[in-house]
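protein03.txt follows; it contains compact mmCIF, C-alpha atoms.
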```txt
# COMPACT_ATOMS: atom_id res chain seq x y z
CA MET A 1196 -113.03 29.40 -149.12
CA THR A 1197 -115.87 28.25 -146.86
CA ARG A 1198 -119.32 29.57 -147.65
CA VAL A 1199 -121.36 31.21 -144.90
CA ILE A 1200 -125.01 30.24 -145.21
CA ARG A 1201 -127.56 32.81 -144.02
CA THR A 1202 -131.05 31.27 -144.19
CA ASP A 1203 -133.01 28.03 -143.86
CA GLU A 1204 -133.84 28.09 -147.55
CA GLU A 1205 -130.22 28.53 -148.55
CA ALA A 1206 -129.14 25.65 -146.31
CA VAL A 1207 -131.65 23.26 -147.90
CA GLU A 1208 -130.73 24.36 -151.43
CA VAL A 1209 -127.02 23.89 -150.74
CA ALA A 1210 -127.75 20.41 -149.35
CA ARG A 1211 -129.67 19.45 -152.48
CA LYS A 1212 -126.85 20.53 -154.76
CA LEU A 1213 -124.24 18.78 -152.63
CA ALA A 1214 -126.35 15.61 -152.48
CA ALA A 1215 -126.37 15.42 -156.28
CA VAL A 1216 -122.58 15.43 -156.23
CA LEU A 1217 -122.31 12.93 -153.38
CA ALA A 1218 -124.67 10.44 -155.03
CA ASP A 1219 -122.47 10.13 -158.10
CA GLU A 1220 -119.92 7.65 -156.69
CA ALA A 1221 -121.54 6.70 -153.39
CA ALA A 1222 -121.93 3.06 -154.44
CA VAL A 1223 -118.29 2.85 -155.53
CA ARG A 1224 -117.02 4.42 -152.33
CA ASP A 1225 -119.03 1.95 -150.30
CA ARG A 1226 -117.93 -1.09 -152.30
CA GLU A 1227 -114.26 -0.15 -152.13
CA ARG A 1228 -114.52 1.29 -148.61
CA ARG A 1229 -112.91 4.41 -149.99
CA LEU A 1230 -113.06 7.09 -147.34
CA PRO A 1231 -114.64 10.27 -148.72
CA GLU A 1232 -111.78 12.67 -148.20
CA ALA A 1233 -112.64 14.93 -151.15
CA GLU A 1234 -116.35 14.77 -150.39
CA VAL A 1235 -115.85 15.72 -146.74
CA ALA A 1236 -113.79 18.68 -147.90
CA GLU A 1237 -116.73 19.71 -150.11
CA LEU A 1238 -119.04 19.39 -147.12
CA SER A 1239 -116.81 21.77 -145.17
CA ALA A 1240 -116.60 24.25 -148.04
CA SER A 1241 -120.38 24.16 -148.55
CA GLY A 1242 -121.00 26.00 -145.29
CA LEU A 1243 -123.40 23.35 -143.98
CA LEU A 1244 -121.22 22.71 -140.94
CA GLY A 1245 -121.93 26.21 -139.66
CA ILE A 1246 -125.69 26.43 -140.14
CA THR A 1247 -126.57 25.83 -136.47
CA VAL A 1248 -124.18 28.49 -135.16
CA PRO A 1249 -126.24 31.14 -133.32
CA ALA A 1250 -126.90 34.37 -135.20
CA GLU A 1251 -125.07 36.41 -132.56
CA PHE A 1252 -121.89 34.53 -133.50
CA GLY A 1253 -122.38 34.94 -137.25
CA GLY A 1254 -124.30 31.79 -138.11
CA ALA A 1255 -127.66 31.13 -139.74
CA GLU A 1256 -129.11 29.49 -136.61
CA VAL A 1257 -131.37 27.44 -138.86
CA SER A 1258 -134.58 25.89 -137.60
CA VAL A 1259 -134.64 22.22 -136.66
CA ALA A 1260 -137.06 21.75 -139.56
CA ALA A 1261 -134.41 22.98 -142.02
CA LEU A 1262 -131.65 21.03 -140.28
CA THR A 1263 -133.51 17.73 -140.52
CA GLU A 1264 -134.24 18.36 -144.19
CA VAL A 1265 -130.52 18.92 -144.80
CA PHE A 1266 -129.66 15.59 -143.16
CA ARG A 1267 -132.49 13.71 -144.88
CA THR A 1268 -131.41 15.05 -148.26
CA LEU A 1269 -127.76 14.10 -147.77
CA ALA A 1270 -128.67 10.64 -146.45
CA ALA A 1271 -130.75 9.84 -149.52
CA ALA A 1272 -127.57 10.32 -151.55
CA ASP A 1273 -124.94 8.82 -149.22
CA ALA A 1274 -125.92 7.69 -145.73
CA SER A 1275 -122.32 7.22 -144.64
CA LEU A 1276 -121.29 10.75 -145.44
CA ALA A 1277 -124.50 12.17 -144.00
CA GLN A 1278 -123.69 10.45 -140.71
CA ILE A 1279 -120.35 12.28 -140.36
CA PRO A 1280 -121.72 15.74 -139.40
CA HIS A 1281 -124.23 14.33 -136.89
CA SER A 1282 -121.96 14.60 -133.86
CA HIS A 1283 -120.58 17.87 -135.17
CA VAL A 1284 -124.03 19.44 -134.91
CA VAL A 1285 -124.82 17.81 -131.56
CA PHE A 1286 -121.67 19.06 -129.88
CA LEU A 1287 -122.17 22.57 -131.18
CA GLN A 1288 -125.52 22.42 -129.39
CA ALA A 1289 -123.76 21.31 -126.18
CA LEU A 1290 -121.58 24.40 -126.48
CA ARG A 1291 -124.64 26.55 -126.93
CA LEU A 1292 -126.18 25.14 -123.76
CA GLN A 1293 -123.15 24.84 -121.48
CA GLY A 1294 -120.16 26.58 -123.03
CA THR A 1295 -118.75 29.85 -121.77
CA GLU A 1296 -118.94 32.86 -124.07
CA GLU A 1297 -115.23 32.48 -124.79
CA GLN A 1298 -115.67 28.81 -125.70
CA GLN A 1299 -118.67 29.59 -127.88
CA ARG A 1300 -116.80 32.32 -129.73
CA ARG A 1301 -113.84 30.04 -130.35
CA TYR A 1302 -115.59 26.89 -131.48
CA PHE A 1303 -118.45 28.51 -133.37
CA ALA A 1304 -115.87 30.45 -135.39
CA ALA A 1305 -114.15 27.14 -136.17
CA ALA A 1306 -117.43 25.64 -137.40
CA LEU A 1307 -118.14 28.65 -139.61
CA ALA A 1308 -114.67 28.20 -141.09
CA GLY A 1309 -115.58 24.64 -142.08
CA GLN A 1310 -113.68 22.86 -139.33
CA ARG A 1311 -115.13 19.50 -138.32
CA PHE A 1312 -116.02 18.18 -134.86
CA ALA A 1313 -116.26 14.43 -134.30
CA ASN A 1314 -117.41 12.36 -131.35
CA ALA A 1315 -115.51 10.12 -128.97
CA GLN A 1316 -118.44 9.05 -126.78
CA SER A 1317 -119.24 5.35 -126.79
CA GLU A 1318 -117.19 2.59 -125.24
CA ARG A 1319 -117.34 -1.16 -125.72
CA GLY A 1320 -116.35 -2.27 -122.24
CA GLY A 1321 -119.15 -0.86 -120.10
CA ARG A 1322 -122.28 -2.66 -118.96
CA THR A 1323 -124.38 -0.31 -121.10
CA VAL A 1324 -123.77 2.38 -123.70
CA ALA A 1325 -124.29 5.01 -121.01
CA ASP A 1326 -121.30 3.82 -118.95
CA ASP A 1327 -118.00 5.69 -119.33
CA ALA A 1328 -114.65 4.48 -118.04
CA THR A 1329 -112.75 7.32 -119.68
CA THR A 1330 -111.65 9.72 -116.94
CA LEU A 1331 -110.76 13.36 -116.66
CA ARG A 1332 -108.46 13.91 -113.67
CA ARG A 1333 -107.26 17.20 -112.25
CA ARG A 1334 -103.61 18.13 -112.44
CA PRO A 1335 -102.07 19.78 -109.36
CA ASP A 1336 -100.78 22.59 -111.57
CA GLY A 1337 -104.17 23.22 -113.22
CA GLY A 1338 -106.04 21.65 -116.08
CA TYR A 1339 -106.74 17.94 -116.51
CA VAL A 1340 -105.35 14.63 -117.71
CA LEU A 1341 -107.57 12.49 -119.93
CA ASP A 1342 -107.27 8.71 -120.25
CA GLY A 1343 -109.49 6.15 -121.94
CA GLU A 1344 -110.59 4.43 -125.12
CA LYS A 1345 -113.60 5.21 -127.30
CA PHE A 1346 -115.24 3.29 -130.14
CA TYR A 1347 -117.79 4.13 -132.91
CA CYS A 1348 -116.11 7.54 -133.26
CA THR A 1349 -117.86 8.68 -136.42
CA GLY A 1350 -115.90 11.21 -138.43
CA ALA A 1351 -112.83 11.02 -136.19
CA LEU A 1352 -110.48 10.21 -139.05
CA PHE A 1353 -111.30 13.53 -140.75
CA ALA A 1354 -111.88 15.64 -137.67
CA ASP A 1355 -110.22 18.92 -136.80
CA TRP A 1356 -111.62 18.55 -133.28
CA ILE A 1357 -112.48 15.41 -131.32
CA VAL A 1358 -115.03 15.80 -128.54
CA VAL A 1359 -114.49 13.28 -125.75
CA ARG A 1360 -117.12 12.41 -123.15
CA ALA A 1361 -115.48 11.54 -119.84
CA VAL A 1362 -116.24 11.12 -116.16
CA LEU A 1363 -114.77 13.76 -113.90
CA ALA A 1364 -112.76 11.62 -111.48
CA ASP A 1365 -112.74 14.04 -108.55
CA PRO A 1366 -115.84 16.22 -108.89
CA ALA A 1367 -116.31 16.98 -105.20
CA GLU A 1368 -113.01 18.78 -104.64
CA PRO A 1369 -113.25 22.34 -103.33
CA ASP A 1370 -113.75 24.82 -106.15
CA GLY A 1371 -114.56 21.93 -108.51
CA PRO A 1372 -117.48 21.95 -110.95
CA ALA A 1373 -119.65 19.93 -108.56
CA ALA A 1374 -118.46 21.54 -105.34
CA SER A 1375 -121.77 23.30 -104.86
CA GLY A 1376 -123.80 20.09 -105.18
CA GLY A 1377 -125.59 18.41 -108.06
CA PRO A 1378 -124.54 15.36 -110.07
CA GLY A 1379 -121.19 13.99 -109.05
CA ALA A 1380 -121.16 15.61 -105.65
CA SER A 1381 -121.57 13.83 -102.32
CA GLY A 1382 -121.71 10.35 -103.80
CA GLY A 1383 -124.29 11.13 -106.50
CA PRO A 1384 -124.16 10.01 -110.13
CA PRO A 1385 -120.83 10.71 -111.84
CA LEU A 1386 -120.42 14.12 -113.37
CA LYS A 1387 -119.66 13.83 -117.07
CA MET A 1388 -117.76 16.40 -119.07
CA LEU A 1389 -116.93 17.04 -122.72
CA ALA A 1390 -113.35 17.76 -123.72
CA TYR A 1391 -112.87 19.57 -127.05
CA LEU A 1392 -109.47 18.46 -128.33
CA PRO A 1393 -107.56 19.34 -131.50
CA ARG A 1394 -107.18 16.16 -133.56
CA ASP A 1395 -103.36 16.34 -133.29
CA THR A 1396 -103.23 16.72 -129.50
CA PRO A 1397 -100.34 14.65 -128.06
CA GLY A 1398 -101.64 11.39 -126.62
CA VAL A 1399 -104.63 11.20 -129.00
CA THR A 1400 -104.53 8.30 -131.48
CA VAL A 1401 -107.26 7.51 -134.01
CA ARG A 1402 -107.36 4.02 -135.49
CA ASP A 1403 -109.03 3.27 -138.82
CA ASP A 1404 -110.65 0.05 -137.58
CA TRP A 1405 -114.38 0.39 -138.25
CA ASP A 1406 -115.47 -2.78 -140.08
CA GLY A 1407 -119.25 -2.57 -140.03
CA MET A 1408 -121.22 -4.21 -142.80
CA GLY A 1409 -122.93 -0.89 -143.44
CA GLN A 1410 -122.03 2.79 -143.23
CA ARG A 1411 -118.59 1.69 -144.31
CA THR A 1412 -117.24 5.14 -145.12
CA THR A 1413 -118.26 7.11 -142.03
CA ALA A 1414 -114.57 7.77 -141.24
CA SER A 1415 -115.12 6.13 -137.87
CA GLY A 1416 -112.38 4.67 -135.76
CA THR A 1417 -111.28 3.88 -132.24
CA VAL A 1418 -109.90 6.87 -130.33
CA LEU A 1419 -107.17 6.12 -127.78
CA LEU A 1420 -106.43 8.69 -125.09
CA ALA A 1421 -103.20 8.30 -123.15
CA GLN A 1422 -102.24 10.94 -120.57
CA VAL A 1423 -103.75 13.69 -122.70
CA ALA A 1424 -103.20 17.15 -121.23
CA VAL A 1425 -106.44 19.15 -121.33
CA ASP A 1426 -106.74 22.84 -120.57
CA GLU A 1427 -109.65 24.06 -118.47
CA THR A 1428 -110.85 26.17 -121.39
CA GLN A 1429 -111.39 22.99 -123.42
CA VAL A 1430 -113.81 21.40 -120.95
CA VAL A 1431 -117.61 21.82 -121.06
CA PRO A 1432 -120.05 20.28 -118.52
CA TYR A 1433 -122.24 17.56 -120.02
CA THR A 1434 -124.38 16.19 -117.18
CA PRO A 1435 -126.06 19.54 -116.37
CA ILE A 1436 -127.60 19.62 -119.86
CA PHE A 1437 -130.20 17.16 -118.61
CA GLY A 1438 -130.89 18.84 -115.29
CA ALA A 1439 -133.75 20.93 -116.67
CA ALA A 1440 -136.18 20.93 -119.58
CA THR A 1441 -134.13 20.44 -122.73
CA THR A 1442 -134.40 19.46 -126.39
CA TYR A 1443 -130.78 18.27 -126.54
CA GLY A 1444 -131.70 14.58 -126.86
CA ALA A 1445 -134.57 15.26 -129.24
CA ARG A 1446 -132.28 17.28 -131.51
CA ALA A 1447 -129.78 14.44 -131.64
CA GLN A 1448 -132.42 11.81 -132.25
CA VAL A 1449 -134.38 13.70 -134.88
CA LEU A 1450 -131.21 13.80 -136.97
CA HIS A 1451 -130.93 10.01 -136.65
CA ALA A 1452 -134.54 9.83 -137.79
CA ALA A 1453 -133.65 12.07 -140.74
CA LEU A 1454 -130.82 9.72 -141.70
CA ASP A 1455 -133.12 6.68 -141.62
CA THR A 1456 -135.83 8.47 -143.57
CA GLY A 1457 -133.28 9.65 -146.13
CA ILE A 1458 -132.06 6.09 -146.61
CA ALA A 1459 -135.64 4.98 -147.21
CA ARG A 1460 -136.18 7.64 -149.87
CA GLY A 1461 -132.86 6.89 -151.51
CA ALA A 1462 -133.68 3.18 -151.64
CA LEU A 1463 -137.11 3.85 -153.15
CA ASP A 1464 -135.62 6.15 -155.79
CA ALA A 1465 -133.14 3.39 -156.63
CA ALA A 1466 -136.00 0.89 -156.87
CA VAL A 1467 -137.85 3.11 -159.35
CA ALA A 1468 -134.74 3.28 -161.52
CA GLN A 1469 -134.44 -0.51 -161.43
CA VAL A 1470 -138.09 -1.05 -162.36
CA ALA A 1471 -137.44 0.95 -165.54
CA ARG A 1472 -134.81 -1.65 -166.50
CA ALA A 1473 -136.62 -4.75 -165.25
CA ARG A 1474 -138.54 -7.28 -167.32
CA PRO A 1475 -142.21 -7.93 -166.53
CA TRP A 1476 -143.16 -11.30 -165.11
CA PHE A 1477 -144.40 -13.48 -167.94
CA GLU A 1478 -147.76 -14.20 -166.29
CA SER A 1479 -148.65 -10.52 -166.11
CA GLY A 1480 -149.35 -10.13 -169.83
CA VAL A 1481 -147.88 -6.61 -169.88
CA ASP A 1482 -144.95 -5.18 -171.80
CA ARG A 1483 -143.30 -3.25 -168.97
CA ALA A 1484 -142.53 -4.16 -165.38
CA ALA A 1485 -144.00 -0.79 -164.37
CA ASP A 1486 -147.39 -1.96 -165.72
CA GLU A 1487 -147.59 -5.08 -163.53
CA PRO A 1488 -150.56 -4.64 -161.18
CA LEU A 1489 -148.88 -6.43 -158.27
CA LEU A 1490 -145.67 -4.43 -158.65
CA ILE A 1491 -147.69 -1.20 -158.85
CA GLN A 1492 -149.43 -2.16 -155.62
CA GLN A 1493 -146.18 -2.80 -153.81
CA ALA A 1494 -144.63 0.41 -155.10
CA GLY A 1495 -147.64 2.37 -153.90
CA GLU A 1496 -147.45 0.81 -150.43
CA LEU A 1497 -143.75 1.69 -150.18
CA GLU A 1498 -144.35 5.29 -151.26
CA ILE A 1499 -147.01 5.61 -148.56
CA LEU A 1500 -144.57 4.18 -146.00
CA VAL A 1501 -141.83 6.61 -146.93
CA ARG A 1502 -144.15 9.61 -147.12
CA GLY A 1503 -145.46 8.71 -143.69
CA ALA A 1504 -141.93 8.66 -142.26
CA GLU A 1505 -141.17 11.99 -143.95
CA ALA A 1506 -144.32 13.58 -142.56
CA LEU A 1507 -143.59 12.35 -139.03
CA LEU A 1508 -140.05 13.66 -139.35
CA ARG A 1509 -141.36 17.11 -140.23
CA GLU A 1510 -143.82 16.94 -137.34
CA ALA A 1511 -141.05 16.08 -134.89
CA ALA A 1512 -138.81 18.88 -136.14
CA THR A 1513 -141.69 21.34 -135.82
CA ALA A 1514 -142.34 20.13 -132.27
CA ILE A 1515 -138.70 20.71 -131.32
CA ASP A 1516 -138.75 24.20 -132.82
CA ALA A 1517 -141.94 24.94 -130.87
CA ALA A 1518 -140.44 23.61 -127.65
CA GLU A 1519 -137.35 25.76 -128.03
CA ALA A 1520 -139.55 28.82 -128.48
CA ASP A 1521 -141.28 28.02 -125.17
CA LEU A 1522 -139.04 25.70 -123.14
CA THR A 1523 -141.09 23.85 -120.52
CA ASP A 1524 -141.26 20.32 -119.17
CA ASP A 1525 -144.42 19.72 -121.19
CA SER A 1526 -143.20 21.18 -124.48
CA THR A 1527 -139.91 19.30 -124.37
CA ALA A 1528 -141.66 16.05 -123.43
CA ARG A 1529 -143.99 16.46 -126.42
CA ALA A 1530 -141.00 17.12 -128.65
CA SER A 1531 -139.26 13.98 -127.40
CA VAL A 1532 -142.36 11.84 -127.94
CA ALA A 1533 -142.81 13.21 -131.48
CA THR A 1534 -139.15 12.50 -132.15
CA ALA A 1535 -139.45 8.95 -130.84
CA VAL A 1536 -142.40 8.36 -133.19
CA ALA A 1537 -140.42 9.74 -136.14
CA LYS A 1538 -137.39 7.62 -135.28
CA VAL A 1539 -139.43 4.41 -135.17
CA ALA A 1540 -141.20 5.24 -138.43
CA GLY A 1541 -137.96 6.14 -140.17
CA ALA A 1542 -136.21 2.99 -138.96
CA ARG A 1543 -139.02 0.76 -140.13
CA ALA A 1544 -139.23 2.47 -143.50
CA SER A 1545 -135.50 2.33 -144.15
CA VAL A 1546 -135.20 -1.40 -143.48
CA GLU A 1547 -138.40 -2.39 -145.28
CA VAL A 1548 -137.88 -0.27 -148.39
CA SER A 1549 -134.21 -1.14 -148.78
CA SER A 1550 -135.17 -4.82 -148.75
CA ALA A 1551 -138.20 -4.45 -151.02
CA LEU A 1552 -135.98 -2.61 -153.53
CA PHE A 1553 -134.94 -6.04 -154.84
CA ASP A 1554 -138.53 -7.25 -155.19
CA LEU A 1555 -139.23 -4.32 -157.46
CA GLY A 1556 -135.95 -4.47 -159.36
CA GLY A 1557 -135.84 -8.21 -159.90
CA THR A 1558 -132.79 -10.43 -160.19
CA ARG A 1559 -130.78 -7.88 -162.15
CA SER A 1560 -130.85 -5.52 -159.18
CA ALA A 1561 -128.80 -8.03 -157.18
CA ALA A 1562 -125.77 -7.51 -159.42
CA ASP A 1563 -122.79 -6.67 -157.24
CA ALA A 1564 -121.68 -3.99 -159.68
CA LEU A 1565 -124.76 -1.95 -158.76
CA ASN A 1566 -124.09 -2.32 -155.03
CA LEU A 1567 -127.73 -1.65 -154.20
CA SER A 1568 -127.31 -3.69 -151.03
CA ARG A 1569 -125.67 -0.61 -149.49
CA TYR A 1570 -129.09 0.83 -148.76
CA TRP A 1571 -130.12 -2.17 -146.67
CA ARG A 1572 -126.69 -2.49 -145.05
CA ASP A 1573 -126.69 1.21 -144.17
CA ALA A 1574 -130.25 1.01 -142.84
CA ARG A 1575 -129.68 -2.14 -140.84
CA THR A 1576 -126.46 -0.74 -139.34
CA HIS A 1577 -127.71 2.76 -138.56
CA THR A 1578 -130.98 1.61 -137.00
CA LEU A 1579 -128.97 -0.27 -134.38
CA HIS A 1580 -127.83 3.03 -132.83
CA ASP A 1581 -130.85 3.33 -130.54
CA PRO A 1582 -133.32 0.43 -130.15
CA ALA A 1583 -136.72 1.36 -131.53
CA ARG A 1584 -138.37 -0.95 -129.00
CA TRP A 1585 -137.58 1.46 -126.18
CA LYS A 1586 -138.93 4.41 -128.08
CA VAL A 1587 -142.20 2.54 -128.57
CA GLN A 1588 -142.31 1.96 -124.81
CA HIS A 1589 -141.93 5.65 -124.06
CA VAL A 1590 -144.58 6.57 -126.61
CA GLY A 1591 -146.99 4.05 -125.09
CA ARG A 1592 -146.42 5.29 -121.53
CA TRP A 1593 -146.99 8.87 -122.66
CA LEU A 1594 -150.22 7.87 -124.41
CA LEU A 1595 -151.68 5.81 -121.56
CA ASP A 1596 -150.50 7.63 -118.46
CA GLY A 1597 -148.99 10.92 -119.62
CA THR A 1598 -145.61 9.70 -118.35
CA PRO A 1599 -142.93 12.07 -119.69
CA PRO A 1600 -139.98 10.41 -121.40
CA PRO A 1601 -136.63 10.45 -119.60
CA ARG A 1602 -134.10 13.18 -120.25
CA HIS A 1603 -131.06 11.74 -121.94
CA GLY A 1604 -129.26 11.97 -125.25
CA GLN A 1605 -131.11 9.02 -126.77
CA LEU A 1606 -134.63 10.47 -126.69
```
Structure encoded using structure tokens:
Amino acid sequence: MTRVIRTDEEAVEVARKLAAVLADEAAVRDRERRLPEAEVAELSASGLLGITVPAEFGGAEVSVAALTEVFRTLAAADASLAQIPHSHVVFLQALRLQGTEEQQRRYFAAALAGQRFANAQSERGGRTVADDATTLRRRPDGGYVLDGEKFYCTGALFADWIVVRAVLADPAEPDGPAASGGPGASGGPPLKMLAYLPRDTPGVTVRDDWDGMGQRTTASGTVLLAQVAVDETQVVPYTPIFGAATTYGARAQVLHAALDTGIARGALDAAVAQVARARPWFESGVDRAADEPLLIQQAGELEILVRGAEALLREAATAIDAAEADLTDDSTARASVATAVAKVAGARASVEVSSALFDLGGTRSAADALNLSRYWRDARTHTLHDPARWKVQHVGRWLLDGTPPPRHGQL
């Protein structure tokens, strides 16, 4: 039976207990690329998949501060598994912003029951990651037909629901979603929609073909969509989310920052364990590696780096919570800038600490049986999601000219 979590504190405590379980065989799962079927089932049963459901629909409606701590905690134990619920949480937020009451009631109930939502967003064929060739076309008899191919579909192999981002092929038809103007109408930018599909919908095929060097067990795969019949009640507007002040992108990105920061903490914890087993360098004149002055210095620098990333993560989460309490262009811009700062800090910490782990642990830490390289591989793979260089640009423009960051899902 799925637990229903009621408070921020309960959510964080449940995450800590689950993380202890997930950490146990995380290295083995990664080495063998053994998909975490049992562990994902535990995640569902824990109740953590329902913690963002609004209170009016029976959920805890946890703060962003608590949500980021949940993700950071899980990522320190197993970054692959912690990545799986990312899209789940993001698409529940899309429902909160754009779903009808009937859609909210239906899908929020599913989340509270432990059902999992996975993404089918990105494509490999477009000029940029923002381009979508997947189309949603109207049927003469009502509803839509969905066709396309998606990649990097994290969690799709274990999903109960797959959420597909698609371009509405004929948005300007009378009575259509864009008939009254706005994106997609009269030759404007294409109107994008989200289709919430049961995993076993006819025409939906999920391939187990993710072969990344890191985050090996994210249950990702290619999603093929061939003449998929979609009911109107399954479709939620996506483009309008960004038409006004919103924290949608900041929420998505702060969870990525939490994943990076969690990896950094997990790698540093692993380094500490390796130092306890390491031999001191013969020139140091000490009996334990932990007494080497140079090693102590490096360890201290890494702890400062990780604590800095953790503090900036908390600051960003607090800024998002504050913005949602008073939603304005200024408050959401400040939340996005704080989130960009946290994402850059987390990315840098995760890559640096997961590499320095081996400096602290010595040659023994490179043993394949330990599989400590998973921290670096996970960090290096996950930090490729959204280039930090562009986040630095937006932070700099905000600092120098007060230029607000753009509204999109990556900031």
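Counting all atoms listed in the file, the residue from A:Glu1251, A:Asp1327, A:Glu1256, A:Asp1403 that sits nearest to A:Arg1229 is A:Asp1403.
Between A:Thr1523 and the candidates A:Pro1599, A:Gly1557, A:Pro1582, A:Gly1461, the tightest atom-to-atom separation, counting all atoms listed in the file, involves A:Pro1599.
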**Item:** atom CA of A:Tyr1570 to atom CA of A:Val1501, straight-line distance in Å
**Value:** 14.1 Å
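Of the residues under consideration (A:Ala1214, A:Gln1469, A:Gln1288, A:Leu1230), A:Gln1288 shows the shortest atom-to-atom contact distance to A:Ile1246 when counting only C-alpha atoms.
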**Prompt:** Within 8 Å of A:Ala1308, counting only C-alpha atoms, which residues qualify if same-chain residues fewer than 3 places away don't, as a list in words?
**Reply:** Thr1197, Ser1239, Gly1242, Gly1245, Ala1304 and Ala1305 of chain A
**Coordinates-based distance that separates atom CA of A:Ala1447 from atom CA of A:Gln1605 (Å, one decimal)** =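 These atoms are spaced 7.4 Å apart.
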**Asked** Counting all atoms listed in the file, which residues come within 7 Å of (-137.1, 12.5, -135.0), with the point read in the file's coordinates, and could you list them as an MDAnalysis selection string?
**Response** chainID A and resid 1445 1448:1453 1508 1511:1512 1533:1538
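Look at A:Ile1436: the protein and nucleic acid residues within 12 Å of it, using all atoms listed in the file and passing over chain neighbours fewer than 4 places away, are Phe1286, Gln1288, Ala1289, Leu1290, Arg1291, Leu1292, Gln1293, Gly1294, Pro1378, Leu1386, Lys1387, Met1388, Leu1389, Val1431, Pro1432, Ala1440, Thr1441, Thr1442, Tyr1443, Gly1444, Arg1602, His1603 and Gly1604 of chain A.
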**Item:** Pick from A:Val1358, A:Ala1221, A:Val1532, A:Val1235, whichever lies nearest to A:Leu1287 using all atoms listed in the file
**Value:**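 Smallest separation from A:Leu1287 among the options: A:Val1358.
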**A:Pro1393, A:Pro1488, A:Gly1556, A:Gly1320 ranked by distance to A:Ala1462, top pick (using all atoms listed in the file)** = A:Gly1556
With all atoms of stretch 1240-1249 of chain A from the file as input, state the centre and edge lengths in Å to one decimal of the axis-aligned box that has 5 Å extra on each side, as AutoDock Vina command-line options.
```
--center_x -121.6 --center_y 26.9 --center_z -140.9 --size_x 20.0 --size_y 18.4 --size_z 25.2
```
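Here the question is which of A:Leu1213, A:Leu1307, A:Val1359, A:Ala1351 gets nearest to A:Ala1414 using only C-alpha atoms, and that residue is A:Ala1351.
Proximity to A:Arg1502 at 10 Å, evaluated using all atoms listed in the file and with sequence-adjacent residues fewer than 3 positions away removed, yields A:Thr1456, A:Ala1459, A:Arg1460, A:Glu1496, A:Leu1497, A:Glu1498, A:Ile1499, A:Glu1505, A:Ala1506, A:Leu1507, A:Leu1508, A:Gly1541, A:Ala1544.
The interatomic distance for the pair atom CA of A:Thr1412 and atom CA of A:Ser1275 works out to 5.5 Å.
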Distance query A:Val1216 at most 12 Å, all atoms listed in the file, self and fewer than 2 positions along chain excluded, as a PDB file with C-alpha atoms, in the coordinates of the input:
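For reference, result12.pdb as written:
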```pdb
ATOM      1  CA  VAL A1209    -127.020  23.890-150.740  1.00  0.00           C
ATOM      2  CA  ALA A1210    -127.750  20.410-149.350  1.00  0.00           C
ATOM      3  CA  ARG A1211    -129.670  19.450-152.480  1.00  0.00           C
ATOM      4  CA  LYS A1212    -126.850  20.530-154.760  1.00  0.00           C
ATOM      5  CA  LEU A1213    -124.240  18.780-152.630  1.00  0.00           C
ATOM      6  CA  ALA A1214    -126.350  15.610-152.480  1.00  0.00           C
ATOM      7  CA  ALA A1218    -124.670  10.440-155.030  1.00  0.00           C
ATOM      8  CA  ASP A1219    -122.470  10.130-158.100  1.00  0.00           C
ATOM      9  CA  GLU A1220    -119.920   7.650-156.690  1.00  0.00           C
ATOM     10  CA  ALA A1221    -121.540   6.700-153.390  1.00  0.00           C
ATOM     11  CA  ALA A1233    -112.640  14.930-151.150  1.00  0.00           C
ATOM     12  CA  GLU A1234    -116.350  14.770-150.390  1.00  0.00           C
ATOM     13  CA  VAL A1235    -115.850  15.720-146.740  1.00  0.00           C
ATOM     14  CA  GLU A1237    -116.730  19.710-150.110  1.00  0.00           C
ATOM     15  CA  LEU A1238    -119.040  19.390-147.120  1.00  0.00           C
ATOM     16  CA  SER A1241    -120.380  24.160-148.550  1.00  0.00           C
ATOM     17  CA  THR A1268    -131.410  15.050-148.260  1.00  0.00           C
ATOM     18  CA  LEU A1269    -127.760  14.100-147.770  1.00  0.00           C
ATOM     19  CA  ALA A1271    -130.750   9.840-149.520  1.00  0.00           C
ATOM     20  CA  ALA A1272    -127.570  10.320-151.550  1.00  0.00           C
ATOM     21  CA  ASP A1273    -124.940   8.820-149.220  1.00  0.00           C
ATOM     22  CA  LEU A1276    -121.290  10.750-145.440  1.00  0.00           C
TER      23      LEU A1276
END
```
Please complete stretch 1430-1434 of chain A with N, CA, C and O atoms and give it back as a short mmCIF file (atom, residue, chain, number, x, y, z; two decimals), in the frame of the given file.
```
data_model
loop_
_atom_site.label_atom_id
_atom_site.label_comp_id
_atom_site.auth_asym_id
_atom_site.auth_seq_id
_atom_site.Cartn_x
_atom_site.Cartn_y
_atom_site.Cartn_z
N VAL A 1430 -112.87 22.29 -121.62
CA VAL A 1430 -113.81 21.40 -120.95
C VAL A 1430 -115.18 22.07 -120.77
O VAL A 1430 -115.27 23.21 -120.31
N VAL A 1431 -116.23 21.34 -121.15
CA VAL A 1431 -117.61 21.82 -121.06
C VAL A 1431 -118.43 20.81 -120.27
O VAL A 1431 -118.37 19.60 -120.56
N PRO A 1432 -119.21 21.22 -119.27
CA PRO A 1432 -120.05 20.28 -118.52
C PRO A 1432 -121.09 19.62 -119.43
O PRO A 1432 -121.71 20.28 -120.25
N TYR A 1433 -121.27 18.32 -119.23
CA TYR A 1433 -122.24 17.56 -120.02
C TYR A 1433 -123.47 17.19 -119.20
O TYR A 1433 -124.61 17.41 -119.61
N THR A 1434 -123.27 16.64 -118.02
CA THR A 1434 -124.38 16.19 -117.18
C THR A 1434 -125.43 17.27 -116.93
O THR A 1434 -126.64 16.99 -116.99
#
```
